[in-house]
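A.B. asks: mmCIF, N, CA, C and O atoms, file query_23.cif:
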data_entry
loop_
_atom_site.group_PDB
_atom_site.id
_atom_site.type_symbol
_atom_site.label_atom_id
_atom_site.label_comp_id
_atom_site.auth_asym_id
_atom_site.auth_seq_id
_atom_site.Cartn_x
_atom_site.Cartn_y
_atom_site.Cartn_z
ATOM 1 N N MET R 1 50.032 -0.029 -39.682
ATOM 2 C CA MET R 1 49.948 0.792 -38.491
ATOM 3 C C MET R 1 50.352 -0.042 -37.277
ATOM 4 O O MET R 1 49.873 -1.148 -37.085
ATOM 5 N N THR R 2 51.211 0.511 -36.459
ATOM 6 C CA THR R 2 51.665 -0.163 -35.258
ATOM 7 C C THR R 2 50.659 0.044 -34.138
ATOM 8 O O THR R 2 50.164 1.142 -33.929
ATOM 9 N N SER R 3 50.353 -1.026 -33.436
ATOM 10 C CA SER R 3 49.419 -0.888 -32.328
ATOM 11 C C SER R 3 50.202 -0.698 -31.033
ATOM 12 O O SER R 3 51.288 -1.230 -30.852
ATOM 13 N N VAL R 4 49.654 0.130 -30.164
ATOM 14 C CA VAL R 4 50.282 0.457 -28.894
ATOM 15 C C VAL R 4 49.403 -0.074 -27.782
ATOM 16 O O VAL R 4 48.190 0.087 -27.805
ATOM 17 N N LYS R 5 50.017 -0.704 -26.820
ATOM 18 C CA LYS R 5 49.278 -1.200 -25.666
ATOM 19 C C LYS R 5 49.272 -0.110 -24.603
ATOM 20 O O LYS R 5 50.319 0.338 -24.157
ATOM 21 N N LEU R 6 48.106 0.335 -24.245
ATOM 22 C CA LEU R 6 47.944 1.393 -23.265
ATOM 23 C C LEU R 6 47.562 0.756 -21.931
ATOM 24 O O LEU R 6 46.499 0.170 -21.807
ATOM 25 N N GLU R 7 48.453 0.851 -20.954
ATOM 26 C CA GLU R 7 48.154 0.327 -19.626
ATOM 27 C C GLU R 7 47.700 1.486 -18.757
ATOM 28 O O GLU R 7 48.407 2.471 -18.618
ATOM 29 N N LEU R 8 46.531 1.353 -18.219
ATOM 30 C CA LEU R 8 45.931 2.440 -17.453
ATOM 31 C C LEU R 8 46.057 2.200 -15.957
ATOM 32 O O LEU R 8 45.695 1.137 -15.459
ATOM 33 N N PRO R 9 46.532 3.204 -15.225
ATOM 34 C CA PRO R 9 46.606 3.054 -13.770
ATOM 35 C C PRO R 9 45.215 3.189 -13.150
ATOM 36 O O PRO R 9 44.460 4.091 -13.495
ATOM 37 N N VAL R 10 44.896 2.270 -12.286
ATOM 38 C CA VAL R 10 43.618 2.302 -11.567
ATOM 39 C C VAL R 10 43.929 2.138 -10.091
ATOM 40 O O VAL R 10 44.633 1.223 -9.693
ATOM 41 N N LYS R 11 43.414 3.064 -9.308
ATOM 42 C CA LYS R 11 43.605 2.931 -7.859
ATOM 43 C C LYS R 11 42.246 2.690 -7.227
ATOM 44 O O LYS R 11 41.225 3.203 -7.691
ATOM 45 N N ILE R 12 42.231 1.852 -6.214
ATOM 46 C CA ILE R 12 40.982 1.518 -5.527
ATOM 47 C C ILE R 12 41.081 1.961 -4.071
ATOM 48 O O ILE R 12 42.058 1.655 -3.388
ATOM 49 N N GLU R 13 40.063 2.700 -3.640
ATOM 50 C CA GLU R 13 39.998 3.180 -2.269
ATOM 51 C C GLU R 13 38.662 2.782 -1.666
ATOM 52 O O GLU R 13 37.662 2.684 -2.381
ATOM 53 N N LYS R 14 38.654 2.569 -0.370
ATOM 54 C CA LYS R 14 37.401 2.260 0.306
ATOM 55 C C LYS R 14 36.795 3.555 0.820
ATOM 56 O O LYS R 14 37.462 4.353 1.479
ATOM 57 N N GLU R 15 35.525 3.770 0.474
ATOM 58 C CA GLU R 15 34.784 4.936 0.950
ATOM 59 C C GLU R 15 33.485 4.436 1.558
ATOM 60 O O GLU R 15 32.577 4.029 0.843
ATOM 61 N N GLY R 16 33.427 4.453 2.857
ATOM 62 C CA GLY R 16 32.260 3.918 3.543
ATOM 63 C C GLY R 16 32.167 2.420 3.309
ATOM 64 O O GLY R 16 33.125 1.688 3.531
ATOM 65 N N LYS R 17 31.020 1.961 2.826
ATOM 66 C CA LYS R 17 30.816 0.528 2.575
ATOM 67 C C LYS R 17 31.211 0.129 1.156
ATOM 68 O O LYS R 17 31.153 -1.044 0.815
ATOM 69 N N LEU R 18 31.588 1.106 0.325
ATOM 70 C CA LEU R 18 31.885 0.826 -1.076
ATOM 71 C C LEU R 18 33.373 0.986 -1.383
ATOM 72 O O LEU R 18 34.099 1.682 -0.679
ATOM 73 N N PHE R 19 33.803 0.334 -2.454
ATOM 74 C CA PHE R 19 35.138 0.510 -2.994
ATOM 75 C C PHE R 19 35.007 1.351 -4.253
ATOM 76 O O PHE R 19 34.141 1.092 -5.088
ATOM 77 N N VAL R 20 35.861 2.359 -4.362
ATOM 78 C CA VAL R 20 35.830 3.256 -5.515
ATOM 79 C C VAL R 20 37.096 3.041 -6.327
ATOM 80 O O VAL R 20 38.209 3.105 -5.791
ATOM 81 N N ALA R 21 36.931 2.759 -7.620
ATOM 82 C CA ALA R 21 38.046 2.585 -8.541
ATOM 83 C C ALA R 21 38.164 3.859 -9.374
ATOM 84 O O ALA R 21 37.169 4.348 -9.916
ATOM 85 N N ILE R 22 39.389 4.386 -9.460
ATOM 86 C CA ILE R 22 39.608 5.647 -10.154
ATOM 87 C C ILE R 22 40.739 5.487 -11.169
ATOM 88 O O ILE R 22 41.814 4.995 -10.838
ATOM 89 N N CYS R 23 40.479 5.941 -12.397
ATOM 90 C CA CYS R 23 41.504 6.029 -13.431
ATOM 91 C C CYS R 23 41.757 7.518 -13.638
ATOM 92 O O CYS R 23 41.021 8.190 -14.369
ATOM 93 N N GLU R 24 42.762 8.039 -12.962
ATOM 94 C CA GLU R 24 43.002 9.477 -12.946
ATOM 95 C C GLU R 24 43.359 10.073 -14.310
ATOM 96 O O GLU R 24 42.940 11.196 -14.596
ATOM 97 N N PRO R 25 44.117 9.395 -15.179
ATOM 98 C CA PRO R 25 44.449 10.034 -16.463
ATOM 99 C C PRO R 25 43.221 10.454 -17.277
ATOM 100 O O PRO R 25 43.252 11.454 -17.978
ATOM 101 N N PHE R 26 42.141 9.682 -17.176
ATOM 102 C CA PHE R 26 40.925 10.023 -17.914
ATOM 103 C C PHE R 26 39.821 10.539 -16.991
ATOM 104 O O PHE R 26 38.710 10.796 -17.435
ATOM 105 N N ASN R 27 40.122 10.663 -15.695
ATOM 106 C CA ASN R 27 39.151 11.149 -14.709
ATOM 107 C C ASN R 27 37.858 10.337 -14.745
ATOM 108 O O ASN R 27 36.759 10.877 -14.786
ATOM 109 N N ILE R 28 38.021 9.018 -14.724
ATOM 110 C CA ILE R 28 36.881 8.103 -14.745
ATOM 111 C C ILE R 28 36.879 7.323 -13.435
ATOM 112 O O ILE R 28 37.926 6.861 -12.982
ATOM 113 N N ALA R 29 35.705 7.185 -12.852
ATOM 114 C CA ALA R 29 35.582 6.452 -11.599
ATOM 115 C C ALA R 29 34.372 5.538 -11.655
ATOM 116 O O ALA R 29 33.434 5.757 -12.423
ATOM 117 N N SER R 30 34.419 4.498 -10.849
ATOM 118 C CA SER R 30 33.306 3.580 -10.699
ATOM 119 C C SER R 30 33.379 3.019 -9.291
ATOM 120 O O SER R 30 34.330 3.280 -8.562
ATOM 121 N N GLN R 31 32.389 2.239 -8.912
ATOM 122 C CA GLN R 31 32.374 1.703 -7.552
ATOM 123 C C GLN R 31 31.775 0.316 -7.519
ATOM 124 O O GLN R 31 31.199 -0.150 -8.493
ATOM 125 N N GLY R 32 31.940 -0.346 -6.379
ATOM 126 C CA GLY R 32 31.362 -1.662 -6.176
ATOM 127 C C GLY R 32 31.412 -2.031 -4.710
ATOM 128 O O GLY R 32 32.084 -1.374 -3.918
ATOM 129 N N ILE R 33 30.705 -3.100 -4.362
ATOM 130 C CA ILE R 33 30.672 -3.519 -2.954
ATOM 131 C C ILE R 33 31.914 -4.310 -2.559
ATOM 132 O O ILE R 33 32.107 -4.605 -1.388
ATOM 133 N N SER R 34 32.756 -4.650 -3.538
ATOM 134 C CA SER R 34 34.041 -5.306 -3.272
ATOM 135 C C SER R 34 35.065 -4.735 -4.243
ATOM 136 O O SER R 34 34.708 -4.078 -5.230
ATOM 137 N N LYS R 35 36.350 -4.991 -3.959
ATOM 138 C CA LYS R 35 37.400 -4.532 -4.871
ATOM 139 C C LYS R 35 37.216 -5.138 -6.256
ATOM 140 O O LYS R 35 37.397 -4.466 -7.271
ATOM 141 N N GLU R 36 36.863 -6.416 -6.288
ATOM 142 C CA GLU R 36 36.695 -7.114 -7.565
ATOM 143 C C GLU R 36 35.578 -6.498 -8.406
ATOM 144 O O GLU R 36 35.727 -6.304 -9.608
ATOM 145 N N ILE R 37 34.467 -6.179 -7.754
ATOM 146 C CA ILE R 37 33.336 -5.592 -8.482
ATOM 147 C C ILE R 37 33.683 -4.172 -8.924
ATOM 148 O O ILE R 37 33.349 -3.763 -10.046
ATOM 149 N N ALA R 38 34.370 -3.411 -8.078
ATOM 150 C CA ALA R 38 34.792 -2.065 -8.469
ATOM 151 C C ALA R 38 35.720 -2.129 -9.680
ATOM 152 O O ALA R 38 35.597 -1.317 -10.605
ATOM 153 N N LEU R 39 36.625 -3.103 -9.709
ATOM 154 C CA LEU R 39 37.536 -3.256 -10.840
ATOM 155 C C LEU R 39 36.777 -3.669 -12.106
ATOM 156 O O LEU R 39 37.048 -3.145 -13.195
ATOM 157 N N GLU R 40 35.826 -4.574 -11.975
ATOM 158 C CA GLU R 40 34.998 -4.955 -13.130
ATOM 159 C C GLU R 40 34.236 -3.742 -13.669
ATOM 160 O O GLU R 40 34.158 -3.537 -14.881
ATOM 161 N N ASN R 41 33.693 -2.931 -12.768
ATOM 162 C CA ASN R 41 32.911 -1.765 -13.176
ATOM 163 C C ASN R 41 33.777 -0.699 -13.848
ATOM 164 O O ASN R 41 33.365 -0.096 -14.834
ATOM 165 N N ILE R 42 34.997 -0.460 -13.327
ATOM 166 C CA ILE R 42 35.869 0.530 -13.958
ATOM 167 C C ILE R 42 36.350 0.017 -15.310
ATOM 168 O O ILE R 42 36.492 0.785 -16.263
ATOM 169 N N ARG R 43 36.569 -1.279 -15.420
ATOM 170 C CA ARG R 43 36.969 -1.854 -16.711
ATOM 171 C C ARG R 43 35.872 -1.604 -17.752
ATOM 172 O O ARG R 43 36.147 -1.170 -18.871
ATOM 173 N N GLU R 44 34.621 -1.832 -17.366
ATOM 174 C CA GLU R 44 33.505 -1.601 -18.282
ATOM 175 C C GLU R 44 33.385 -0.114 -18.638
ATOM 176 O O GLU R 44 33.181 0.245 -19.806
ATOM 177 N N ALA R 45 33.536 0.760 -17.641
ATOM 178 C CA ALA R 45 33.453 2.201 -17.891
ATOM 179 C C ALA R 45 34.562 2.653 -18.845
ATOM 180 O O ALA R 45 34.332 3.448 -19.761
ATOM 181 N N LEU R 46 35.779 2.128 -18.652
ATOM 182 C CA LEU R 46 36.888 2.487 -19.537
ATOM 183 C C LEU R 46 36.680 1.943 -20.945
ATOM 184 O O LEU R 46 37.009 2.618 -21.927
ATOM 185 N N GLU R 47 36.143 0.735 -21.052
ATOM 186 C CA GLU R 47 35.865 0.175 -22.378
ATOM 187 C C GLU R 47 34.867 1.058 -23.124
ATOM 188 O O GLU R 47 35.056 1.347 -24.304
ATOM 189 N N LEU R 48 33.833 1.503 -22.434
ATOM 190 C CA LEU R 48 32.848 2.383 -23.065
ATOM 191 C C LEU R 48 33.476 3.724 -23.450
ATOM 192 O O LEU R 48 33.265 4.232 -24.549
ATOM 193 N N PHE R 49 34.247 4.284 -22.546
ATOM 194 C CA PHE R 49 34.906 5.559 -22.813
ATOM 195 C C PHE R 49 35.846 5.455 -24.012
ATOM 196 O O PHE R 49 35.814 6.286 -24.916
ATOM 197 N N LEU R 50 36.676 4.424 -24.013
ATOM 198 C CA LEU R 50 37.686 4.286 -25.065
ATOM 199 C C LEU R 50 37.103 3.831 -26.398
ATOM 200 O O LEU R 50 37.781 3.900 -27.414
ATOM 201 N N SER R 51 35.863 3.387 -26.409
ATOM 202 C CA SER R 51 35.247 3.011 -27.679
ATOM 203 C C SER R 51 34.442 4.165 -28.281
ATOM 204 O O SER R 51 33.923 4.054 -29.384
ATOM 205 N N ASP R 52 34.376 5.287 -27.567
ATOM 206 C CA ASP R 52 33.653 6.459 -28.058
ATOM 207 C C ASP R 52 34.392 7.068 -29.255
ATOM 208 O O ASP R 52 35.602 7.263 -29.211
ATOM 209 N N GLU R 53 33.667 7.359 -30.304
ATOM 210 C CA GLU R 53 34.283 7.876 -31.528
ATOM 211 C C GLU R 53 35.027 9.191 -31.291
ATOM 212 O O GLU R 53 36.099 9.413 -31.868
ATOM 213 N N ASP R 54 34.493 10.071 -30.468
ATOM 214 C CA ASP R 54 35.166 11.339 -30.199
ATOM 215 C C ASP R 54 36.501 11.123 -29.490
ATOM 216 O O ASP R 54 37.483 11.800 -29.784
ATOM 217 N N VAL R 55 36.535 10.192 -28.560
ATOM 218 C CA VAL R 55 37.778 9.889 -27.849
ATOM 219 C C VAL R 55 38.789 9.281 -28.820
ATOM 220 O O VAL R 55 39.961 9.659 -28.828
ATOM 221 N N LEU R 56 38.342 8.365 -29.650
ATOM 222 C CA LEU R 56 39.239 7.746 -30.623
ATOM 223 C C LEU R 56 39.796 8.771 -31.603
ATOM 224 O O LEU R 56 40.954 8.678 -32.013
ATOM 225 N N GLU R 57 38.996 9.764 -31.964
ATOM 226 C CA GLU R 57 39.472 10.817 -32.862
ATOM 227 C C GLU R 57 40.516 11.693 -32.177
ATOM 228 O O GLU R 57 41.433 12.196 -32.822
ATOM 229 N N MET R 58 40.393 11.876 -30.877
ATOM 230 C CA MET R 58 41.358 12.695 -30.140
ATOM 231 C C MET R 58 42.709 11.997 -30.013
ATOM 232 O O MET R 58 43.750 12.644 -29.963
ATOM 233 N N TYR R 59 42.701 10.666 -29.928
ATOM 234 C CA TYR R 59 43.925 9.894 -29.706
ATOM 235 C C TYR R 59 44.045 8.751 -30.716
ATOM 236 O O TYR R 59 44.257 7.603 -30.326
ATOM 237 N N PRO R 60 43.961 9.005 -32.005
ATOM 238 C CA PRO R 60 43.919 7.907 -32.973
ATOM 239 C C PRO R 60 45.182 7.048 -33.009
ATOM 240 O O PRO R 60 45.109 5.862 -33.295
ATOM 241 N N ASP R 61 46.332 7.646 -32.718
ATOM 242 C CA ASP R 61 47.576 6.880 -32.785
ATOM 243 C C ASP R 61 47.920 6.202 -31.473
ATOM 244 O O ASP R 61 48.807 5.367 -31.423
ATOM 245 N N LEU R 62 47.239 6.562 -30.412
ATOM 246 C CA LEU R 62 47.557 6.002 -29.104
ATOM 247 C C LEU R 62 46.604 4.906 -28.660
ATOM 248 O O LEU R 62 47.005 3.949 -28.021
ATOM 249 N N ILE R 63 45.322 5.069 -28.959
ATOM 250 C CA ILE R 63 44.339 4.129 -28.441
ATOM 251 C C ILE R 63 43.936 3.147 -29.529
ATOM 252 O O ILE R 63 43.107 3.424 -30.371
ATOM 253 N N SER R 64 44.587 2.022 -29.519
ATOM 254 C CA SER R 64 44.165 0.941 -30.410
ATOM 255 C C SER R 64 43.868 -0.299 -29.579
ATOM 256 O O SER R 64 43.058 -1.122 -29.944
ATOM 257 N N SER R 65 44.536 -0.405 -28.435
ATOM 258 C CA SER R 65 44.217 -1.468 -27.483
ATOM 259 C C SER R 65 44.665 -0.986 -26.109
ATOM 260 O O SER R 65 45.481 -0.084 -25.992
ATOM 261 N N TYR R 66 44.112 -1.572 -25.093
ATOM 262 C CA TYR R 66 44.424 -1.142 -23.747
ATOM 263 C C TYR R 66 44.143 -2.286 -22.786
ATOM 264 O O TYR R 66 43.454 -3.230 -23.113
ATOM 265 N N THR R 67 44.706 -2.177 -21.596
ATOM 266 C CA THR R 67 44.420 -3.147 -20.549
ATOM 267 C C THR R 67 44.209 -2.405 -19.239
ATOM 268 O O THR R 67 44.741 -1.322 -19.042
ATOM 269 N N VAL R 68 43.431 -2.987 -18.378
ATOM 270 C CA VAL R 68 43.257 -2.501 -17.022
ATOM 271 C C VAL R 68 43.934 -3.537 -16.145
ATOM 272 O O VAL R 68 43.786 -4.738 -16.378
ATOM 273 N N PRO R 69 44.709 -3.104 -15.155
ATOM 274 C CA PRO R 69 45.437 -4.063 -14.322
ATOM 275 C C PRO R 69 44.508 -5.117 -13.712
ATOM 276 O O PRO R 69 43.388 -4.821 -13.324
ATOM 277 N N GLU R 70 44.989 -6.333 -13.656
ATOM 278 C CA GLU R 70 44.252 -7.401 -12.988
ATOM 279 C C GLU R 70 44.336 -7.177 -11.487
ATOM 280 O O GLU R 70 45.238 -6.510 -11.000
ATOM 281 N N LYS R 71 43.403 -7.763 -10.755
ATOM 282 C CA LYS R 71 43.336 -7.504 -9.316
ATOM 283 C C LYS R 71 44.621 -7.892 -8.583
ATOM 284 O O LYS R 71 44.999 -7.259 -7.626
ATOM 285 N N GLU R 72 45.336 -8.916 -9.057
ATOM 286 C CA GLU R 72 46.558 -9.306 -8.369
ATOM 287 C C GLU R 72 47.700 -8.327 -8.616
ATOM 288 O O GLU R 72 48.690 -8.348 -7.925
ATOM 289 N N ASP R 73 47.555 -7.432 -9.617
ATOM 290 C CA ASP R 73 48.576 -6.421 -9.899
ATOM 291 C C ASP R 73 48.407 -5.181 -9.043
ATOM 292 O O ASP R 73 49.218 -4.274 -9.088
ATOM 293 N N MET R 74 47.332 -5.107 -8.289
ATOM 294 C CA MET R 74 47.030 -3.884 -7.553
ATOM 295 C C MET R 74 47.542 -3.980 -6.128
ATOM 296 O O MET R 74 47.712 -4.964 -5.565
#
Please rewrite the model in this file as structure tokens.
C.D. replies:
Amino acid sequence: MTSVKLELPVKIEKEGKLFVAICEPFNIASQGISKEIALENIREALELFLSDEDVLEMYPDLISSYTVPEKEDM
């Protein structure tokens, strides 16, 4: 089986005192007091989402590995 690398777009916006990280393709969001913390939190949320058995069953040929952009890529 060939593995596919799934690169997920994450955008970070400032809302009040917090930074909100959003992955629109999966409609997942997280937040933090800095861009770095928001990115760490969205990475964790996406890891949990993508490790869910129901999600893996929906996309078995697409989700075998994935990356979230590093902060310098944003």
A.B. asks: Check the smallest atom-to-atom distance from each of R:Val10, R:Ile28, R:Met58, R:Ile33 to Ala45 in chain R using all atoms listed in the file, then report the winner.
C.D. replies: R:Ile28
A.B. asks: Kindly give the distance, in Å, that separates CA of Leu18 in chain R and CA of Leu46 in chain R, rounded to a single decimal.
C.D. replies: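 Distance reported for this atom pair: 19.2 Å.
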A.B. asks: For Glu40 in chain R, which residue among R:Asn27, R:Ile22, R:Val55, R:Lys14 is the nearest when counting only C-alpha atoms?
C.D. replies: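 Of all the options, R:Ile22 lies closest to Glu40 in chain R.
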A.B. asks: So for range 19-34 of chain R, what box centre and size do we get, axis-aligned, 5 Å extra on each of the six sides, every listed atom, Å to one decimal, as AutoDock Vina command-line options?
C.D. replies:
--center_x 37.6 --center_y 3.1 --center_z -9.7 --size_x 23.8 --size_y 26.8 --size_z 26.6
A.B. asks: Mind checking which residues fall within 9 Å of Val20 in chain R, counting only C-alpha atoms, ignoring those fewer than 6 positions away in the same chain, and posting them as JSON, numbers by chain?
C.D. replies: {"R": [11, 12, 13, 14, 29, 30, 31, 32, 33, 35, 38, 39, 42]}
A.B. asks: Find the distance between CA of Glu44 in chain R and CA of Leu8 in chain R and write it in Å to one decimal.
C.D. replies: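 For CA of Glu44 in chain R relative to CA of Leu8 in chain R, the distance reads 13.1 Å.
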A.B. asks: Rounded to one decimal, what separation in Å do you get between CA of Glu53 in chain R and CA of Ile37 in chain R?
C.D. replies: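 We find that CA of Glu53 in chain R and CA of Ile37 in chain R lie 26.7 Å from each other.
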